[in-house]
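Engineer: I'd like to ask you about the structure that follows.
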Amino acid sequence: MKIVDYALLYTRAKDACVLKLILDNGVCGFAQLPEICREEQQTALLGQALDSLLGKDVCACDDFHGENMIAHGKQYDPAALAMHSCLSNALWDAAARCADLPLYQLFGGSVQSKVDLCPAGWDAGLEQPEEYAARAAQLVEEGYRLLCMAPVKKLTARTTDERKLQLQSAVDCIQQVMQAVKKRAQVIVDLQNKLDYDQAIWLASRIDAPELLCLLHPFDSEDAVALSRLEEKTGVSVCVTPGAGSSALMACLQNRRADYLLFDAASAGGMWYARRLSALCEPYYVHQIFQAAEGIASLCVNAQAAACLPKPACILCDIRALKQQQLLADPLQIEDGALCLASLGAGSGFAPNLQMFSEDDAQ
Amino acid sequence: MKITKIETYLHYSEWRNLILIRVETDEGLVGLGEATLRNKEKAVLEAIESHVKPMLLGRDVYSVNHLFHNFYEEDPWRSGSGGVVFLSAVSGLDMAIWDLIGQKAGLPVYQLFGGRIRDRIRLYANRWFIGCNTSDEYVEAAKHVVNDLGFTAIKWNPLYASQSEEDWKRVDDAIRNVYDTRDALGPDVDLCIELHAAMDYEAARRLLEGLREADVFFAEEPMKPDNKDGFRRLAKRSRVPLAAGERVFTRYGYKYYIQEHNHSIAQPDMTHCGGMLETKHISTMLLPNNIKIAPHNSNSIIATTAAAHVDSTMPNFLIQEMMLEVLDTNRNLLKTPVRIEDGYLYLPEGPGLGLEPDWDYIRSVGYKPAYSEFFKMKSMDGGKQ
């Protein structure tokens with residue numbers, strides 16, 4: 001199972017790039033290259049890394065998997081970590097395809113038959129609370145039991161009172177959505193780090209309801225005290241992204257920074273690493289939300305990690321990604337707002353529809 | 001691939017009854033596991049036969065995650081700490097299932113755990129001192145295990161090398177025994193001492209202060225593990241690294257272990273703490289807390305090799321425990337022995353655990369009562385009751 005060649009595949013619009021590893025037995029491994037890695041400097045590094053893989057057994061490339069990156073004492077910026085995630089995912093994908101097994105089975109097997117999806121991005125361009133409510137109700141009718149909304153626009157007002165007015169508009173949208181989905185779905189409110197601590201308290205104290213699952217990224221801070229105080233003062237749960245690596249995660253867990261943590265297996269160390277890091281949340285009773293930030297391929301890889309956990313909250317993904325089934329050779333089965341794990345084929349489940357991609361010689 | 005048959009064997013081996021597990025599948029693959037728990041072997045056997053086996057028969061092989069979660073979260077009488085009997089049963093089956101998953105995928109288990117970062121596993125020898133009574137006998141046996149068998153690290157309880165009955169004298173004798181051993185072996189051999197939770201704080205403090213210049217690799221369980229205040233004080237004073245953890249189970253148990261942070265070396269036992277993947281998870285939790293792992297293991301070559309698979313993938317791995325009797329089980333239980341040389345275990349390259357058990361031999365040796373003196377009820381002053 002030696003790696004004999006590789007290629008980068010691009011969609012015609014060049015909006016997605018897929019790494020293809022080719023083995024001597026004809027099996028290929030695929031992984032989406034995160035956008036952050038597609039700058040010139042990163043592609044040069046990727047080329048070097050790929051050249052170093054040539055001739056190696058696909059199962060003897062341990063340096064590219066999450067644990068060993070840390071073991072070797074390498075410091076990773078997000079772009080480098082995303083690049084190695086892509087390599088790790090492609091290697092895992094190839095190894096599992098050789099065994100003709102979905103990866104979650106190599107990770108110890110799934111604990112459930114499907115994983116809930118939480119669409120995001122459905123509220124882009126919406127302005128009025130009624131518009132939010134109508135669209136949310138439509139998604140619930142389609143079967144989704146979780147929705148992610150981002151109602152806070154850029155806070156442009158200069159005075160505190162004017163900013164509160166802007167925030168009040170967001171509160172109105174959230175309340176209308178929660179009313180529209182009442183008892184049928186829960187809502188994640190993505191604040192995109194746009195608020196400060198006081199604004200987050202102000203907003204959270206006005207939207208506490210059973211339909212609210214959590215506030216995502218309320219403010220730009222890793223201050224555990226501030227985050228936990230937000231929960232204490234308002235009763236609203238918080239979700240944040242832990243920093244890269246197990247050190248940052250353990251600090252997050254031990255300081256009880258949030259009730260929910262966000263992982264992305266496509267860019268934060270790869271599928272296996274994400275699966276293991278998320279397992280560390282269990283003894284701390286912190287829930288996991290997986291984020292498929294870059295299309296349907298990242299949905300597949302995050303599903304592999306989520307499948308192994310007893311109660312993953314969901315996979316958060318852009319609603320446009322769910323409509324990219326044409327990029328897949330074998331479409332995913334999405335029923336009642338959940339991804340059926342049985343529809344994930346061998347490997348990561350992401351087998352690109354080669355008619356939708358053109359090859360770009362990366363060597 | 002479905003699980004079609006699970007067989008368990010109580011197999012007497014020198015000093016204990018091993019619990020060996022054979023899991024068969026509808027594709028003809030056979031998985032091998034070990035759930036040995038000394039002096040509780042019949043309880044573990046019953047836990048497997050009556051409680052775990054019925055859950056697994058007919059199920060898909062890819063059920064490791066489900067098995068653990070079912071035991072930990074779903075059943076109220078098995079959940080929480082789980083209890084060492086049930087956790088050993090689950091751990092042994094976990095091992096056999098990983099063996100099967102690896103075989104099916106054509107990959108060694110270490111590959112399924114993210115790939116190895118070392119090809120060989122450093123071992124420390126335990127139970128090399130059987131039959132020794134005096135300090136001189138201990139030193140001679142230590143020389144044998146290092147010079148003739150090639151080990152570069154050994155563990156023993158120096159309190160046992162004392163003939164004294166009074167605690168304060170035993171501490172002095174133990175200190176002398178460690179220095180004598182150091183003098184006999186030279187500076188290049190790592191000396192690990194275990195103390196079987198036999199001391200109170202004062203005695204432990206005196207012993208460890210007395211060993212400051214002996215370059216002890218670690219001191220294991222000088223006091224009872226639940227003496228948390230004692231350990232907190234001892235950890236502040238002792239220059240000898242403290243080790244413990246064989247009686248801590250699962251990630252949930254290690255959460256509190258990490259919080260207390262009294263030990264710099266953790267000793268999870270893969271056969272009791274929830275299985276191979278659970279041990280891997282524990283190592284990931286310990287890594288950012290700067291706690292190294294020296295896994296406890298008092299079982300046969302099968303559990304030792306399974307532990308080695310996991311060890312090979314841990315950045316914070318320090319050294320693996322191995323009872324000297326493992327060398328016998330390596331010759332007897334396997335058709336092709338694992339390579340153990342110069343104090344290292346070399347990982348087998350085959351898929352799964354990479355072991356080829358001699359099932360005929362395993363079946364040919366049955367159970368033999370072997371209840372250790374250590375566990376018999378005795379008078380608290382050491383006399384007969």
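Chain labels A, B, ... are given in the sequence in which chains occur in the structure tokens; within each chain residues are numbered consecutively from 1, and ligands are likewise numbered from 1 in the order shown.
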Compile the contact shell of range 180-191 of chain A as a ChimeraX atom specification: residues with an atom at most 7 Å away, counting only C-alpha atoms, same-chain residues fewer than 5 positions apart removed.
Structural biologist: /A:133,136-137,140,145-150,152,211-218
Engineer: I need the strand (DSSP E or B) residues of range 21-64 of chain A per DSSP on the backbone, written as a list in words.
Structural biologist: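 Those in range 21-64 of chain A that DSSP calls strand (DSSP E or B) are Leu21, Ile22, Leu23, Cys28, Gly29, Phe30, Ala31, Gln32 and Asp57 of chain A.
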Engineer: Contacts from chain B to chain A, 9 Å maximum, only C-alpha atoms: show me the residue list as an MDAnalysis selection string.
Structural biologist: chainID B and resid 60:67 69 97:98 101:102 104:107 111:117 250:255 259 277 280:282 284:285 287:289 313:316
Engineer: What would the file look like if the residues just selected were written as a compact mmCIF listing (two decimals), in the first residue's frame with C-alpha atoms?
Structural biologist:
# COMPACT_ATOMS: atom_id res chain seq x y z
CA ASP B 60 -21.14 -6.24 14.79
CA VAL B 61 -17.46 -6.45 15.68
CA TYR B 62 -17.09 -2.68 15.48
CA SER B 63 -18.58 -2.24 18.90
CA VAL B 64 -15.74 -1.07 21.11
CA ASN B 65 -17.19 2.39 21.63
CA HIS B 66 -20.65 1.01 22.21
CA LEU B 67 -19.39 -1.58 24.68
CA HIS B 69 -20.52 3.51 26.74
CA ILE B 97 -12.22 -6.73 19.52
CA TRP B 98 -9.33 -4.41 18.62
CA ILE B 101 -10.66 -4.88 13.85
CA GLY B 102 -6.93 -4.79 13.15
CA LYS B 104 -9.95 -7.24 9.35
CA ALA B 105 -8.25 -4.00 8.28
CA GLY B 106 -4.88 -5.72 7.81
CA LEU B 107 -3.31 -3.23 10.22
CA GLN B 111 -1.74 1.82 13.48
CA LEU B 112 -5.42 2.12 14.35
CA PHE B 113 -4.40 4.26 17.30
CA GLY B 114 -2.74 6.89 15.16
CA GLY B 115 0.58 5.26 14.45
CA ARG B 116 3.56 4.40 16.59
CA ILE B 117 6.27 6.80 17.57
CA THR B 250 -11.30 5.25 33.05
CA ARG B 251 -11.04 8.88 31.97
CA TYR B 252 -13.57 9.70 34.66
CA GLY B 253 -11.28 8.47 37.43
CA TYR B 254 -8.24 10.12 35.91
CA LYS B 255 -10.03 13.46 35.83
CA GLN B 259 -6.92 17.58 39.55
CA LEU B 277 -8.68 2.89 23.62
CA LYS B 280 -5.05 5.93 24.93
CA HIS B 281 -7.62 8.53 25.95
CA ILE B 282 -6.16 8.65 29.46
CA THR B 284 -4.05 12.16 25.97
CA MET B 285 -5.56 13.69 29.12
CA LEU B 287 -0.02 14.68 28.30
CA PRO B 288 -0.81 18.40 28.69
CA ASN B 289 -0.63 18.00 32.47
CA THR B 313 1.60 5.59 20.28
CA MET B 314 1.91 7.69 23.46
CA PRO B 315 4.23 10.71 23.47
CA ASN B 316 4.25 10.67 27.28
Engineer: Which residue, B:Asp119, B:Leu318, B:Pro351, B:Ile291, has the smallest gap to Gly31 in chain B when you use only C-alpha atoms?
Structural biologist: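 Ranking B:Asp119, B:Leu318, B:Pro351, B:Ile291 by distance to Gly31 in chain B, first place goes to B:Pro351.
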Engineer: How many Å lie between CA of Leu353 in chain B and CA of His309 in chain B, rounded to one decimal?
Structural biologist: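 These two atoms are separated by 7.5 Å.
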Engineer: As a tab-separated table (two decimals) with N, CA, C and O atoms, in the first residue's frame, please: the residues near range 24-29 of chain B (cut-off 9 Å, only C-alpha atoms, same-chain neighbours under 5 positions excluded).
Structural biologist:
chain	number	residue	atom	x	y	z
B	1	MET	N	-19.16	-7.80	9.89
B	1	MET	CA	-18.54	-8.94	10.54
B	1	MET	C	-19.15	-9.09	11.94
B	1	MET	O	-19.04	-8.19	12.76
B	2	LYS	N	-19.80	-10.22	12.17
B	2	LYS	CA	-20.53	-10.43	13.43
B	2	LYS	C	-19.74	-11.31	14.41
B	2	LYS	O	-19.01	-12.22	13.99
B	3	ILE	N	-19.96	-11.05	15.67
B	3	ILE	CA	-19.36	-11.90	16.70
B	3	ILE	C	-20.25	-13.13	16.87
B	3	ILE	O	-21.45	-13.00	17.13
B	4	THR	N	-19.68	-14.30	16.67
B	4	THR	CA	-20.49	-15.52	16.72
B	4	THR	C	-20.23	-16.36	17.97
B	4	THR	O	-21.07	-17.16	18.38
B	5	LYS	N	-19.07	-16.21	18.56
B	5	LYS	CA	-18.74	-17.07	19.70
B	5	LYS	C	-17.72	-16.36	20.61
B	5	LYS	O	-16.78	-15.73	20.10
B	6	ILE	N	-17.95	-16.48	21.90
B	6	ILE	CA	-16.96	-15.95	22.86
B	6	ILE	C	-16.64	-17.06	23.85
B	6	ILE	O	-17.54	-17.61	24.50
B	7	GLU	N	-15.39	-17.40	23.93
B	7	GLU	CA	-14.96	-18.43	24.90
B	7	GLU	C	-13.98	-17.81	25.88
B	7	GLU	O	-13.15	-16.97	25.50
B	58	GLY	N	-23.63	-11.96	18.36
B	58	GLY	CA	-24.50	-11.55	17.26
B	58	GLY	C	-24.33	-10.11	16.84
B	58	GLY	O	-24.86	-9.68	15.83
B	61	VAL	N	-18.74	-6.51	14.97
B	61	VAL	CA	-17.46	-6.45	15.68
B	61	VAL	C	-17.09	-5.02	16.07
B	61	VAL	O	-16.46	-4.78	17.10
B	100	LEU	N	-9.47	-8.04	16.46
B	100	LEU	CA	-10.28	-8.39	15.28
B	100	LEU	C	-10.36	-7.24	14.27
B	100	LEU	O	-10.23	-7.45	13.06
B	103	GLN	N	-7.13	-7.10	12.46
B	103	GLN	CA	-6.99	-8.20	11.50
B	103	GLN	C	-7.84	-7.94	10.26
B	103	GLN	O	-7.40	-8.15	9.13
B	104	LYS	N	-9.05	-7.49	10.48
B	104	LYS	CA	-9.95	-7.24	9.35
B	104	LYS	C	-9.37	-6.14	8.43
B	104	LYS	O	-9.44	-6.23	7.21
Engineer: Just want the 8 Å neighbourhood of range 289-295 of chain A, counted on only C-alpha atoms, with same-chain residues fewer than 5 positions away dropped. Output as a PyMOL selection string.
Structural biologist: chain A and resi 34-35+260-266+302+306+312-318+320-322+324
Engineer: Rank nothing, just name the residue among B:Glu356, B:Asp136, B:Asp311, B:Glu73 nearest to Asn332 in chain B, using only C-alpha atoms.
Structural biologist: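 Ranking B:Glu356, B:Asp136, B:Asp311, B:Glu73 by distance to Asn332 in chain B, first place goes to B:Glu356.
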Engineer: Using Å and a single decimal, report how far CA of Glu231 in chain A sits from CA of Thr159 in chain A.
Structural biologist: 26.2 Å
Engineer: Figure out the distance between CA of Thr160 in chain A and CA of Asp196 in chain A, please, to one decimal in Å.
Structural biologist: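 So the answer is 11.9 Å.
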Engineer: Taking only C-alpha atoms into account, name the residue in A:Cys86, A:Asp172, A:Asp5, A:Asp116 that is nearest to Gln128 in chain A.
Structural biologist: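 Of the candidates, the smallest distance to Gln128 in chain A is held by A:Asp172.
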Engineer: Can you tell me which residues surround Gln48 in chain A at a distance of at most 12 Å, considering only C-alpha atoms, apart from same-chain residues fewer than 4 positions away, and format the answer as a PyMOL selection string?
Structural biologist: chain A and resi 6+41-44+52-54+83+87+362-363
Engineer: List every residue of range 267-324 of chain B that DSSP, applied to the backbone of this structure, assigns to alpha helix (DSSP H), and report them as a list in words.
Structural biologist: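 DSSP-assigned alpha helix (DSSP H) residues in range 267-324 of chain B: Met276, Leu277, Glu278, Thr279, Lys280, His281, Ile282, Ser283, Thr284, Met285, Leu286, Ile301, Ile302, Ala303, Thr304, Thr305, Ala306, Ala307, Ala308, His309, Val310 and Asp311 of chain B.
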Engineer: Could you give me, as JSON lines, a per-residue list for range 252-357 of chain B showing, wherever an atom lies at most 12 Å from an atom of range 185-194 of chain B, the closest pair of atoms and their distance in Å to one decimal, using only C-alpha atoms and sorting by chain then residue number from low to high?
Structural biologist:
{"residue": "B:Ile265", "atom": "CA", "partner": "B:Cys192", "partner_atom": "CA", "distance": 11.6}
{"residue": "B:Gln267", "atom": "CA", "partner": "B:Glu194", "partner_atom": "CA", "distance": 11.9}
{"residue": "B:Ala294", "atom": "CA", "partner": "B:Cys192", "partner_atom": "CA", "distance": 10.7}
{"residue": "B:His296", "atom": "CA", "partner": "B:Glu194", "partner_atom": "CA", "distance": 11.4}
{"residue": "B:Leu318", "atom": "CA", "partner": "B:Asp190", "partner_atom": "CA", "distance": 11.6}
{"residue": "B:Ile319", "atom": "CA", "partner": "B:Asp190", "partner_atom": "CA", "distance": 10.3}
{"residue": "B:Gln320", "atom": "CA", "partner": "B:Cys192", "partner_atom": "CA", "distance": 11.6}
{"residue": "B:Glu321", "atom": "CA", "partner": "B:Cys192", "partner_atom": "CA", "distance": 10.3}
{"residue": "B:Gly343", "atom": "CA", "partner": "B:Val189", "partner_atom": "CA", "distance": 10.9}
Engineer: Can you tell me which residues surround range 344-359 of chain A at a distance of at most 8 Å, considering only C-alpha atoms, apart from same-chain residues fewer than 4 positions away, and format the answer as a tab-separated table (two decimals) with all heavy atoms, in the first residue's frame?
Structural biologist:
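Output below, filename out.tsv:
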chain	number	residue	atom	x	y	z
A	7	ALA	N	-2.29	14.22	-6.45
A	7	ALA	CA	-2.79	15.30	-7.32
A	7	ALA	C	-3.71	16.18	-6.51
A	7	ALA	O	-4.24	15.77	-5.47
A	7	ALA	CB	-3.54	14.69	-8.51
A	8	LEU	N	-3.88	17.40	-6.97
A	8	LEU	CA	-4.88	18.28	-6.39
A	8	LEU	C	-6.01	18.42	-7.40
A	8	LEU	O	-5.77	18.68	-8.58
A	8	LEU	CB	-4.29	19.65	-6.07
A	8	LEU	CG	-3.24	19.68	-4.96
A	8	LEU	CD1	-2.68	21.09	-4.79
A	8	LEU	CD2	-3.83	19.20	-3.64
A	9	LEU	N	-7.22	18.21	-6.94
A	9	LEU	CA	-8.39	18.32	-7.81
A	9	LEU	C	-9.15	19.59	-7.45
A	9	LEU	O	-9.36	19.86	-6.27
A	9	LEU	CB	-9.31	17.11	-7.62
A	9	LEU	CG	-8.67	15.72	-7.64
A	9	LEU	CD1	-9.74	14.65	-7.37
A	9	LEU	CD2	-7.99	15.46	-8.97
A	10	TYR	N	-9.53	20.32	-8.47
A	10	TYR	CA	-10.28	21.57	-8.23
A	10	TYR	C	-11.65	21.49	-8.88
A	10	TYR	O	-11.80	20.90	-9.96
A	10	TYR	CB	-9.52	22.76	-8.84
A	10	TYR	CG	-8.26	23.13	-8.12
A	10	TYR	CD1	-7.04	22.56	-8.48
A	10	TYR	CD2	-8.28	24.03	-7.06
A	10	TYR	CE1	-5.87	22.88	-7.82
A	10	TYR	CE2	-7.11	24.37	-6.40
A	10	TYR	CZ	-5.91	23.80	-6.78
A	10	TYR	OH	-4.75	24.12	-6.11
A	11	THR	N	-12.60	22.12	-8.25
A	11	THR	CA	-13.89	22.30	-8.93
A	11	THR	C	-13.67	23.34	-10.03
A	11	THR	O	-12.69	24.09	-10.01
A	11	THR	CB	-14.96	22.81	-7.96
A	11	THR	OG1	-14.44	23.96	-7.30
A	11	THR	CG2	-15.35	21.76	-6.94
A	12	ARG	N	-14.61	23.39	-10.95
A	12	ARG	CA	-14.44	24.33	-12.07
A	12	ARG	C	-14.35	25.77	-11.57
A	12	ARG	O	-13.59	26.57	-12.07
A	12	ARG	CB	-15.60	24.17	-13.05
A	12	ARG	CG	-15.47	22.89	-13.86
A	12	ARG	CD	-16.44	22.82	-15.01
A	12	ARG	NE	-16.49	21.44	-15.50
A	12	ARG	CZ	-17.37	20.54	-15.08
A	12	ARG	NH1	-18.30	20.88	-14.22
A	12	ARG	NH2	-17.34	19.32	-15.54
A	29	GLY	N	-6.82	7.88	-1.78
A	29	GLY	CA	-7.33	8.52	-0.57
A	29	GLY	C	-7.60	9.99	-0.88
A	29	GLY	O	-6.82	10.63	-1.59
A	30	PHE	N	-8.70	10.50	-0.35
A	30	PHE	CA	-9.09	11.88	-0.65
A	30	PHE	C	-9.27	12.67	0.65
A	30	PHE	O	-9.68	12.12	1.67
A	30	PHE	CB	-10.42	11.91	-1.41
A	30	PHE	CG	-10.38	11.19	-2.73
A	30	PHE	CD1	-10.85	9.88	-2.84
A	30	PHE	CD2	-9.88	11.82	-3.85
A	30	PHE	CE1	-10.82	9.21	-4.05
A	30	PHE	CE2	-9.85	11.16	-5.08
A	30	PHE	CZ	-10.32	9.85	-5.18
A	31	ALA	N	-9.00	13.95	0.55
A	31	ALA	CA	-9.34	14.87	1.65
A	31	ALA	C	-9.42	16.27	1.09
A	31	ALA	O	-8.61	16.64	0.22
A	31	ALA	CB	-8.30	14.81	2.76
A	89	ASN	N	-6.05	13.20	7.12
A	89	ASN	CA	-7.35	12.70	6.68
A	89	ASN	C	-7.23	11.88	5.40
A	89	ASN	O	-7.90	10.85	5.24
A	89	ASN	CB	-8.33	13.86	6.48
A	89	ASN	CG	-8.81	14.42	7.81
A	89	ASN	OD1	-8.68	13.78	8.84
A	89	ASN	ND2	-9.33	15.63	7.79
A	92	TRP	N	-5.67	8.50	6.34
A	92	TRP	CA	-6.68	7.65	6.99
A	92	TRP	C	-7.70	7.15	5.95
A	92	TRP	O	-8.12	5.99	5.99
A	92	TRP	CB	-7.43	8.43	8.07
A	92	TRP	CG	-6.82	8.37	9.44
A	92	TRP	CD1	-6.28	9.42	10.13
A	92	TRP	CD2	-6.68	7.23	10.29
A	92	TRP	NE1	-5.83	8.99	11.35
A	92	TRP	CE2	-6.06	7.66	11.48
A	92	TRP	CE3	-7.02	5.88	10.16
A	92	TRP	CZ2	-5.78	6.79	12.53
A	92	TRP	CZ3	-6.73	5.01	11.22
A	92	TRP	CH2	-6.12	5.48	12.38
A	93	ASP	N	-8.09	8.05	5.08
A	93	ASP	CA	-9.08	7.70	4.07
A	93	ASP	C	-8.56	6.55	3.20
A	93	ASP	O	-9.26	5.56	2.96
A	93	ASP	CB	-9.38	8.93	3.21
A	93	ASP	CG	-10.49	8.69	2.22
A	93	ASP	OD1	-11.57	8.22	2.63
A	93	ASP	OD2	-10.29	8.96	1.02
A	94	ALA	N	-7.30	6.68	2.77
A	94	ALA	CA	-6.72	5.64	1.92
A	94	ALA	C	-6.63	4.31	2.67
A	94	ALA	O	-6.96	3.24	2.12
A	94	ALA	CB	-5.34	6.08	1.43
A	95	ALA	N	-6.18	4.38	3.93
A	95	ALA	CA	-6.03	3.14	4.70
A	95	ALA	C	-7.38	2.44	4.87
A	95	ALA	O	-7.48	1.21	4.74
A	95	ALA	CB	-5.42	3.45	6.07
A	96	ALA	N	-8.42	3.21	5.15
A	96	ALA	CA	-9.74	2.60	5.36
A	96	ALA	C	-10.33	2.10	4.04
A	96	ALA	O	-11.04	1.09	4.02
A	96	ALA	CB	-10.67	3.61	6.01
A	97	ARG	N	-10.03	2.80	2.96
A	97	ARG	CA	-10.52	2.31	1.66
A	97	ARG	C	-9.85	0.98	1.30
A	97	ARG	O	-10.46	0.13	0.68
A	97	ARG	CB	-10.24	3.34	0.56
A	97	ARG	CG	-11.22	4.48	0.55
A	97	ARG	CD	-10.83	5.51	-0.52
A	97	ARG	NE	-11.47	6.76	-0.24
A	97	ARG	CZ	-12.73	7.06	-0.59
A	97	ARG	NH1	-13.43	6.19	-1.27
A	97	ARG	NH2	-13.25	8.21	-0.28
A	100	ASP	N	-11.72	-1.40	2.89
A	100	ASP	CA	-13.12	-1.31	2.48
A	100	ASP	C	-14.06	-1.12	3.68
A	100	ASP	O	-15.11	-1.73	3.76
A	100	ASP	CB	-13.53	-2.55	1.67
A	100	ASP	CG	-14.83	-2.31	0.89
A	100	ASP	OD1	-15.13	-1.15	0.61
A	100	ASP	OD2	-15.54	-3.30	0.61
A	101	LEU	N	-13.64	-0.26	4.59
A	101	LEU	CA	-14.44	0.00	5.79
A	101	LEU	C	-14.61	1.51	5.98
A	101	LEU	O	-13.69	2.28	5.69
A	101	LEU	CB	-13.73	-0.55	7.04
A	101	LEU	CG	-13.64	-2.06	7.19
A	101	LEU	CD1	-12.69	-2.40	8.34
A	101	LEU	CD2	-15.01	-2.66	7.45
A	102	PRO	N	-15.76	1.93	6.48
A	102	PRO	CA	-15.87	3.33	6.88
A	102	PRO	C	-14.91	3.59	8.05
A	102	PRO	O	-14.68	2.70	8.88
A	102	PRO	CB	-17.31	3.48	7.35
A	102	PRO	CG	-18.00	2.21	7.03
A	102	PRO	CD	-16.98	1.17	6.79
A	103	LEU	N	-14.39	4.78	8.10
A	103	LEU	CA	-13.38	5.05	9.13
A	103	LEU	C	-13.92	4.92	10.55
A	103	LEU	O	-13.21	4.48	11.44
A	103	LEU	CB	-12.81	6.45	8.92
A	103	LEU	CG	-11.47	6.43	8.19
A	103	LEU	CD1	-11.10	7.81	7.74
A	103	LEU	CD2	-10.39	5.86	9.08
A	297	ALA	N	-17.42	17.82	1.98
A	297	ALA	CA	-16.31	16.93	2.34
A	297	ALA	C	-16.01	17.04	3.83
A	297	ALA	O	-15.74	16.03	4.50
A	297	ALA	CB	-15.07	17.28	1.52
A	300	CYS	N	-18.37	15.06	5.87
A	300	CYS	CA	-18.05	13.62	5.94
A	300	CYS	C	-17.00	13.34	7.01
A	300	CYS	O	-17.16	12.42	7.82
A	300	CYS	CB	-17.53	13.12	4.59
A	300	CYS	SG	-18.77	13.13	3.30
A	301	VAL	N	-15.92	14.11	7.03
A	301	VAL	CA	-14.85	13.80	7.99
A	301	VAL	C	-15.30	14.08	9.43
A	301	VAL	O	-14.92	13.35	10.34
A	301	VAL	CB	-13.52	14.54	7.67
A	301	VAL	CG1	-12.97	14.12	6.33
A	301	VAL	CG2	-13.67	16.03	7.74
A	304	GLN	N	-17.29	11.18	10.81
A	304	GLN	CA	-16.52	10.02	11.25
A	304	GLN	C	-16.18	10.13	12.74
A	304	GLN	O	-16.22	9.15	13.47
A	304	GLN	CB	-15.22	9.89	10.44
A	304	GLN	CG	-15.41	9.74	8.95
A	304	GLN	CD	-16.13	8.45	8.57
A	304	GLN	OE1	-16.08	7.48	9.32
A	304	GLN	NE2	-16.78	8.45	7.42
A	326	GLN	N	-23.77	16.95	-5.46
A	326	GLN	CA	-23.25	16.65	-6.80
A	326	GLN	C	-21.73	16.48	-6.79
A	326	GLN	O	-21.16	15.91	-7.70
A	326	GLN	CB	-23.68	17.73	-7.81
A	326	GLN	CG	-22.91	19.03	-7.76
A	326	GLN	CD	-23.39	19.96	-6.64
A	326	GLN	OE1	-24.27	19.60	-5.86
A	326	GLN	NE2	-22.81	21.15	-6.56
A	327	LEU	N	-21.08	16.96	-5.71
A	327	LEU	CA	-19.62	16.79	-5.63
A	327	LEU	C	-19.23	15.37	-5.22
A	327	LEU	O	-18.07	14.99	-5.29
A	327	LEU	CB	-19.03	17.78	-4.63
A	327	LEU	CG	-19.15	19.27	-4.97
A	327	LEU	CD1	-18.51	20.11	-3.87
A	327	LEU	CD2	-18.50	19.58	-6.31
A	328	LEU	N	-20.21	14.62	-4.76
A	328	LEU	CA	-19.93	13.27	-4.26
A	328	LEU	C	-20.29	12.21	-5.30
A	328	LEU	O	-21.31	12.32	-5.98
A	328	LEU	CB	-20.75	12.99	-3.00
A	328	LEU	CG	-20.54	13.91	-1.80
A	328	LEU	CD1	-21.49	13.51	-0.68
A	328	LEU	CD2	-19.11	13.81	-1.33
A	329	ALA	N	-19.45	11.19	-5.38
A	329	ALA	CA	-19.77	10.07	-6.26
A	329	ALA	C	-20.97	9.30	-5.71
A	329	ALA	O	-21.82	8.83	-6.46
A	329	ALA	CB	-18.55	9.15	-6.38
A	330	ASP	N	-21.01	9.16	-4.38
A	330	ASP	CA	-22.14	8.49	-3.73
A	330	ASP	C	-22.81	9.47	-2.80
A	330	ASP	O	-22.20	9.87	-1.79
A	330	ASP	CB	-21.66	7.27	-2.93
A	330	ASP	CG	-20.92	6.29	-3.82
A	330	ASP	OD1	-21.47	5.91	-4.86
A	330	ASP	OD2	-19.77	5.94	-3.47
A	332	LEU	N	-24.91	11.39	0.07
A	332	LEU	CA	-25.19	11.10	1.48
A	332	LEU	C	-26.69	11.06	1.69
A	332	LEU	O	-27.44	11.77	1.02
A	332	LEU	CB	-24.58	12.18	2.37
A	332	LEU	CG	-23.09	12.41	2.26
A	332	LEU	CD1	-22.68	13.58	3.15
A	332	LEU	CD2	-22.34	11.15	2.68
A	340	CYS	N	-27.46	9.97	7.92
A	340	CYS	CA	-27.48	8.52	8.20
A	340	CYS	C	-26.07	7.98	7.99
A	340	CYS	O	-25.52	8.07	6.88
A	340	CYS	CB	-28.45	7.82	7.28
A	340	CYS	SG	-30.12	8.43	7.45
Engineer: Can you list, as a ChimeraX atom specification, every protein, DNA or RNA residue that comes within 7 Å of range 224-239 of chain B when you count only C-alpha atoms, leaving out same-chain residues fewer than 5 positions away?
Structural biologist: /B:197,201,205,208-209,212,262-263
Engineer: Check the smallest atom-to-atom distance from each of B:Gly150, B:Gly210, B:Gly350, B:Pro54 to Tyr179 in chain B using only C-alpha atoms, then report the winner.
Structural biologist: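 Ranking B:Gly150, B:Gly210, B:Gly350, B:Pro54 by distance to Tyr179 in chain B, first place goes to B:Gly210.
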